[in-house]
file coords-v7.txt (compact mmCIF, C-alpha atoms)
# COMPACT_ATOMS: atom_id res chain seq x y z
CA MET A 5 0.00 0.00 0.00
CA ALA A 6 1.40 3.37 -1.05
CA VAL A 7 2.38 5.79 1.69
CA SER A 8 0.88 9.27 1.30
CA LEU A 9 3.00 12.41 1.41
CA PHE A 10 1.14 13.46 4.56
CA GLU A 11 2.47 10.34 6.26
CA GLN A 12 6.02 11.11 5.19
CA LYS A 13 6.17 14.81 6.09
CA THR A 14 4.26 17.34 8.16
CA GLU A 15 1.85 19.62 6.35
CA GLU A 16 4.04 22.61 7.19
CA GLU A 17 7.02 20.91 5.53
CA LEU A 18 4.92 20.12 2.46
CA TRP A 19 3.79 23.76 2.12
CA ILE A 20 7.37 25.00 2.34
CA GLU A 21 8.49 22.51 -0.30
CA PHE A 22 5.51 23.28 -2.54
CA ARG A 23 6.19 27.02 -2.46
CA LYS A 24 9.78 26.34 -3.53
CA THR A 25 9.18 23.64 -6.16
CA ASN A 26 5.54 24.00 -7.29
CA SER A 27 5.49 20.19 -7.28
CA MET A 28 2.51 18.63 -9.07
CA GLN A 29 2.76 15.63 -6.73
CA ILE A 30 2.37 17.84 -3.65
CA ARG A 31 -0.44 19.85 -5.28
CA ASP A 32 -2.33 16.63 -5.98
CA ALA A 33 -1.78 15.52 -2.37
CA PHE A 34 -3.25 18.79 -1.09
CA ILE A 35 -6.25 18.41 -3.42
CA ARG A 36 -6.95 14.91 -2.10
CA GLN A 37 -6.45 16.03 1.49
CA TYR A 38 -8.88 18.97 1.26
CA MET A 39 -11.56 17.66 -1.12
CA PRO A 40 -13.80 16.89 1.91
CA LEU A 41 -13.66 20.62 2.69
CA VAL A 42 -15.02 21.40 -0.79
CA LYS A 43 -17.90 18.97 -0.25
CA TYR A 44 -18.58 20.47 3.18
CA VAL A 45 -18.80 24.03 1.82
CA ALA A 46 -20.91 22.88 -1.14
CA GLY A 47 -23.25 21.04 1.21
CA LYS A 48 -23.78 24.15 3.32
CA LEU A 49 -24.48 26.32 0.30
CA ALA A 50 -26.82 23.75 -1.24
CA VAL A 51 -29.32 24.30 1.57
CA GLY A 52 -32.21 26.43 0.37
CA MET A 53 -31.10 26.63 -3.25
CA PRO A 54 -33.55 25.85 -6.07
CA GLY A 55 -33.76 22.31 -7.42
CA ASN A 56 -32.00 23.32 -10.63
CA VAL A 57 -28.74 23.77 -8.67
CA GLU A 58 -27.10 20.36 -8.28
CA PHE A 59 -24.84 19.51 -5.35
CA ASP A 60 -22.30 17.90 -7.70
CA ASP A 61 -22.14 21.13 -9.70
CA LEU A 62 -21.38 23.10 -6.54
CA VAL A 63 -18.61 20.64 -5.71
CA GLY A 64 -17.18 21.06 -9.21
CA PHE A 65 -17.22 24.85 -8.89
CA GLY A 66 -15.63 24.60 -5.46
CA GLN A 67 -12.74 22.52 -6.80
CA PHE A 68 -11.59 25.54 -8.80
CA GLY A 69 -11.56 27.53 -5.57
CA LEU A 70 -9.55 24.86 -3.79
CA LEU A 71 -6.95 24.81 -6.57
CA ASP A 72 -6.78 28.61 -6.48
CA ALA A 73 -6.29 28.50 -2.71
CA ILE A 74 -3.49 25.92 -2.99
CA ASN A 75 -1.68 27.96 -5.64
CA LYS A 76 -1.97 31.26 -3.75
CA TYR A 77 -1.64 30.21 -0.11
CA ASP A 78 1.34 31.63 1.75
CA PRO A 79 2.24 29.53 4.83
CA GLU A 80 4.25 32.43 6.27
CA LYS A 81 1.07 34.44 6.90
CA ASN A 82 -0.80 33.96 10.14
CA VAL A 83 -3.79 32.21 8.53
CA LYS A 84 -4.65 28.51 8.61
CA PHE A 85 -5.00 27.00 5.14
CA GLN A 86 -8.47 25.67 5.92
CA THR A 87 -9.69 29.16 6.83
CA TYR A 88 -8.13 30.64 3.68
CA ALA A 89 -9.45 27.84 1.47
CA VAL A 90 -13.06 28.14 2.66
CA THR A 91 -13.13 31.74 1.44
CA ARG A 92 -11.72 30.80 -1.96
CA ILE A 93 -13.98 27.76 -2.36
CA ARG A 94 -17.10 29.73 -1.45
CA GLY A 95 -16.05 32.58 -3.74
CA ALA A 96 -15.50 30.24 -6.69
CA ILE A 97 -18.94 28.67 -6.22
CA PHE A 98 -20.65 32.06 -6.08
CA ASP A 99 -18.74 33.32 -9.11
CA GLU A 100 -20.01 30.37 -11.15
CA LEU A 101 -23.57 30.79 -9.87
CA ARG A 102 -23.54 34.47 -10.88
CA GLN A 103 -22.43 33.54 -14.40
CA MET A 104 -25.19 30.91 -14.59
CA ASP A 105 -27.79 33.46 -13.47
CA TRP A 106 -29.24 30.52 -11.55
CA VAL A 107 -32.02 32.41 -9.74
CA PRO A 108 -35.35 32.33 -11.67
CA ARG A 109 -36.61 35.81 -12.62
CA SER A 110 -39.77 35.42 -10.54
CA ILE A 111 -37.77 34.53 -7.41
CA ARG A 112 -35.38 37.41 -8.00
CA GLN A 113 -38.34 39.79 -8.31
CA LYS A 114 -39.89 38.54 -5.05
CA SER A 115 -36.56 38.92 -3.27
CA ARG A 116 -36.28 42.48 -4.55
CA GLU A 117 -39.82 43.25 -3.38
CA ILE A 118 -38.96 42.08 0.14
CA ASP A 119 -35.73 44.09 0.19
CA ASP A 120 -37.49 47.23 -1.10
CA THR A 121 -40.21 46.90 1.51
CA VAL A 122 -37.67 46.52 4.30
CA VAL A 123 -35.78 49.58 3.04
CA GLU A 124 -38.96 51.66 3.03
CA LEU A 125 -40.03 50.51 6.50
CA GLU A 126 -36.60 51.05 8.02
CA SER A 127 -36.55 54.58 6.64
CA ARG A 128 -40.01 55.32 8.02
CA LEU A 129 -39.70 53.54 11.38
CA GLY A 130 -36.06 54.27 12.13
CA ARG A 131 -35.45 50.63 13.09
CA SER A 132 -35.56 47.12 11.68
CA PRO A 133 -39.17 46.12 10.93
CA SER A 134 -40.66 42.89 12.25
CA ASP A 135 -41.89 40.10 9.99
CA GLU A 136 -45.45 41.12 10.81
CA GLU A 137 -44.79 44.70 9.69
CA VAL A 138 -43.16 43.60 6.45
CA ALA A 139 -46.03 41.22 5.69
CA SER A 140 -48.60 43.92 6.40
CA ALA A 141 -46.81 46.43 4.16
CA MET A 142 -46.82 43.85 1.36
CA ASN A 143 -50.56 43.19 1.91
CA MET A 144 -49.89 39.58 2.80
CA SER A 145 -50.67 37.33 5.71
CA LEU A 146 -47.73 36.40 7.90
CA ALA A 147 -48.00 32.78 6.72
CA ASP A 148 -47.90 33.83 3.06
CA TYR A 149 -44.93 36.09 3.76
CA HIS A 150 -43.04 33.24 5.41
CA ARG A 151 -43.79 30.99 2.42
CA MET A 152 -42.39 33.67 0.11
CA VAL A 153 -39.29 34.01 2.26
CA LEU A 154 -38.69 30.27 2.01
CA LYS A 155 -38.87 30.45 -1.79
CA VAL A 156 -36.28 33.21 -2.01
CA SER A 157 -34.03 32.06 0.83
CA GLY A 158 -31.36 30.71 -1.51
CA THR A 159 -30.78 34.14 -3.00
CA SER A 160 -29.86 35.57 0.39
CA ILE A 161 -26.89 33.23 0.71
CA LEU A 162 -25.51 34.66 -2.51
CA SER A 163 -26.23 38.30 -1.72
CA LEU A 164 -24.60 38.24 1.70
CA ASN A 165 -21.44 37.12 -0.03
CA ASP A 166 -21.61 40.02 -2.49
CA VAL A 167 -21.83 43.05 -0.21
CA TRP A 168 -18.45 44.77 -0.28
CA TYR A 169 -15.84 45.17 -3.00
CA LEU A 170 -12.37 46.52 -2.26
CA GLY A 171 -10.21 48.14 -4.87
CA GLU A 172 -7.13 45.93 -4.85
CA ASP A 173 -7.22 43.07 -7.38
CA ALA A 174 -11.04 43.15 -7.35
CA ASP A 175 -10.83 41.82 -3.80
CA ARG A 176 -14.11 40.99 -2.12
CA MET A 177 -15.10 41.14 1.52
CA SER A 178 -18.44 40.12 2.93
CA ILE A 179 -20.30 38.76 5.92
CA GLY A 180 -19.45 35.19 5.01
CA ASP A 181 -15.80 35.77 4.19
CA SER A 182 -12.95 34.91 6.49
CA ILE A 183 -10.67 37.94 6.41
CA GLU A 184 -7.15 37.14 5.26
CA SER A 185 -4.13 38.25 7.21
CA PRO A 186 -3.35 41.86 6.27
CA ALA A 187 0.41 41.23 6.22
CA SER A 188 0.63 41.56 2.43
CA LEU A 189 -1.72 44.55 2.12
CA ASN A 190 -0.73 48.17 1.91
CA PRO A 191 -1.75 50.47 4.80
CA ASP A 192 -4.68 52.05 2.91
CA VAL A 193 -6.26 48.67 2.20
CA ILE A 194 -5.68 47.54 5.81
CA VAL A 195 -7.49 50.63 7.10
CA GLU A 196 -10.36 50.12 4.64
CA ARG A 197 -10.77 46.47 5.64
CA GLU A 198 -10.83 47.34 9.31
CA GLU A 199 -13.43 50.06 8.73
CA VAL A 200 -15.62 47.69 6.70
CA LYS A 201 -15.26 45.01 9.39
CA ARG A 202 -16.29 47.51 12.08
CA ILE A 203 -19.35 48.65 10.10
CA ILE A 204 -20.48 45.09 9.37
CA THR A 205 -20.10 44.18 13.05
CA GLU A 206 -22.16 47.19 14.13
CA ALA A 207 -24.85 46.41 11.56
CA ILE A 208 -25.10 42.80 12.75
CA ASN A 209 -25.35 43.92 16.38
CA GLU A 210 -28.36 46.10 15.52
CA LEU A 211 -30.32 43.14 14.13
CA PRO A 212 -33.06 41.41 16.14
CA GLU A 213 -31.47 38.85 18.44
CA LYS A 214 -32.57 35.68 16.60
CA GLU A 215 -31.53 37.06 13.21
CA LYS A 216 -28.14 37.96 14.63
CA MET A 217 -27.76 34.46 16.09
CA VAL A 218 -28.58 32.85 12.73
CA LEU A 219 -25.89 34.88 10.95
CA VAL A 220 -23.27 34.20 13.61
CA LEU A 221 -24.02 30.46 13.78
CA TYR A 222 -24.19 30.06 10.00
CA TYR A 223 -21.25 32.16 8.84
CA HIS A 224 -18.89 32.00 11.81
CA GLU A 225 -19.71 28.70 13.57
CA ASP A 226 -20.34 26.83 10.29
CA LEU A 227 -23.60 25.25 11.46
CA THR A 228 -26.24 24.09 8.99
CA PHE A 229 -29.80 25.46 9.09
CA LYS A 230 -30.90 22.19 10.71
CA GLU A 231 -28.24 22.49 13.42
CA ILE A 232 -29.11 26.15 14.00
CA GLY A 233 -32.77 25.17 14.39
CA ALA A 234 -31.78 22.73 17.13
CA VAL A 235 -29.80 25.45 18.93
CA LEU A 236 -32.60 28.04 18.68
CA GLN A 237 -35.36 25.44 19.17
CA VAL A 238 -37.15 26.42 15.97
CA THR A 239 -37.81 24.57 12.71
CA GLU A 240 -35.34 24.49 9.84
CA SER A 241 -37.79 26.48 7.72
CA ARG A 242 -37.97 29.15 10.43
CA VAL A 243 -34.16 29.41 10.36
CA SER A 244 -34.38 29.93 6.61
CA GLN A 245 -36.94 32.69 7.18
CA LEU A 246 -34.73 34.36 9.80
CA HIS A 247 -31.75 34.14 7.45
CA LYS A 248 -33.61 35.89 4.63
CA SER A 249 -35.03 38.49 7.00
CA ALA A 250 -31.57 39.19 8.42
CA ASN A 251 -30.24 39.51 4.89
CA SER A 252 -32.88 42.07 3.95
CA HIS A 253 -32.31 44.12 7.11
CA LEU A 254 -28.54 43.92 6.85
CA ARG A 255 -28.32 44.79 3.17
CA THR A 256 -30.46 47.86 3.80
CA LYS A 257 -28.09 49.07 6.51
CA LEU A 258 -24.92 48.28 4.59
CA THR A 259 -26.12 49.74 1.30
CA ASN A 260 -26.95 53.04 2.97
CA ILE A 261 -23.67 53.15 4.93
CA ARG A 262 -21.58 51.99 1.98
CA LYS A 263 -22.43 55.07 -0.06
CA GLY A 264 -20.64 57.18 2.48
CA ILE A 265 -17.38 55.21 2.77
CA MET A 266 -16.67 53.57 -0.58
call {"tool": "encode", "arguments": {"input": "coords-v7.txt", "output": "structure tokens"}}
result
Amino acid sequence: MAVSLFEQKTEEELWIEFRKTNSMQIRDAFIRQYMPLVKYVAGKLAVGMPGNVEFDDLVGFGQFGLLDAINKYDPEKNVKFQTYAVTRIRGAIFDELRQMDWVPRSIRQKSREIDDTVVELESRLGRSPSDEEVASAMNMSLADYHRMVLKVSGTSILSLNDVWYLGEDADRMSIGDSIESPASLNPDVIVEREEVKRIITEAINELPEKEKMVLVLYYHEDLTFKEIGAVLQVTESRVSQLHKSANSHLRTKLTNIRKGIM
């Protein structure tokens, strides 16, 4: 039975050698080692997406992100590869989904209607509106509003990963991103990242408590909607509703603030 490279050397030693030699053998070993991470990220993102988005397609898109992460990872920076790779894998999947224009026009329109209603209510009320207030403003029952939210919930996963764009190399920073070590960034970009991070944190803290918990558990604790439901003692569909609602509230806040700092 063949002995893997990971049994012969430590991962740190393999990264150092790979950066020096660009060895195809080591690259392939890293791909095999971290393919489960691609499937994990794809599985998380598959939750709530329309039936026309196949899990295997998400895995395929994510593989490009993994390869990109392996080629660009710098072991000298204070960032674990797994943390760095998750950002690249997720980004590659979303880039492909954007090109596919995978969201049906009717779903996109409903999502926009919800976001527009939340924007209007926040402006008028001076706070985040409740689900009941949004439903009333849309002339819908609360049950019908929740059904609509479930239909559009997949779009919110994409939009929360498409909030902020920084100027350097079309770099992207969002709620779901793990922020890379700033060691290689110039001072202006470091300051901008820290300001964006501060604003996003403040915006999250202003959300209703359950919406805030859903975002934290999903994007930072890596729990699935089902696992979050168990923590909050609500159904998986309710978690999906809270996620979409949080997205609408958060995008309203960030869009308004963004105009003043970007």
call {"tool": "closest_residue", "arguments": {"input": "coords-v7.txt", "among": "A:Leu227, A:Gly95, A:Val45, A:Glu15", "to": "A:Ala33", "atoms": "only C-alpha atoms"}}
result
A:Glu15
call {"tool": "atom_distance", "arguments": {"input": "coords-v7.txt", "atom1": "atom CA of A:Leu211", "atom2": "atom CA of A:Ala250"}}
result
7.1 Å
call {"tool": "residues_around", "arguments": {"input": "coords-v7.txt", "residues": "A:Thr121", "least_positions_apart": "5", "cutoff": "9 Å", "atoms": "only C-alpha atoms", "output": "ChimeraX atom specification"}}
result
/A:116,126,138,141-142
call {"tool": "atom_distance", "arguments": {"input": "coords-v7.txt", "atom1": "atom CA of A:Gln67", "atom2": "atom CA of A:Met39"}}
result
7.6 Å
call {"tool": "closest_residue", "arguments": {"input": "coords-v7.txt", "among": "A:Ile74, A:Ile118, A:Leu62, A:Val57", "to": "A:Leu18", "atoms": "all atoms listed in the file"}}
result
A:Ile74
call {"tool": "residues_around", "arguments": {"input": "coords-v7.txt", "residues": "stretch 131-136 of chain A", "least_positions_apart": "4", "cutoff": "10 Å", "atoms": "all atoms listed in the file", "output": "count of residues only"}}
result
28
call {"tool": "residues_around", "arguments": {"input": "coords-v7.txt", "residues": "A:Ile97", "least_positions_apart": "6", "cutoff": "12 Å", "atoms": "only C-alpha atoms", "output": "VMD selection string"}}
result
chain A and resid 42 to 43 45 to 50 57 to 70 90 to 91 103 to 104 106 161 to 162 165
call {"tool": "atom_distance", "arguments": {"input": "coords-v7.txt", "atom1": "atom CA of A:His224", "atom2": "atom CA of A:Gln237"}}
result
19.2 Å
call {"tool": "residues_around", "arguments": {"input": "coords-v7.txt", "residues": "A:Val218", "least_positions_apart": "3", "cutoff": "7 Å", "atoms": "all atoms listed in the file", "output": "count of residues only"}}
result
8
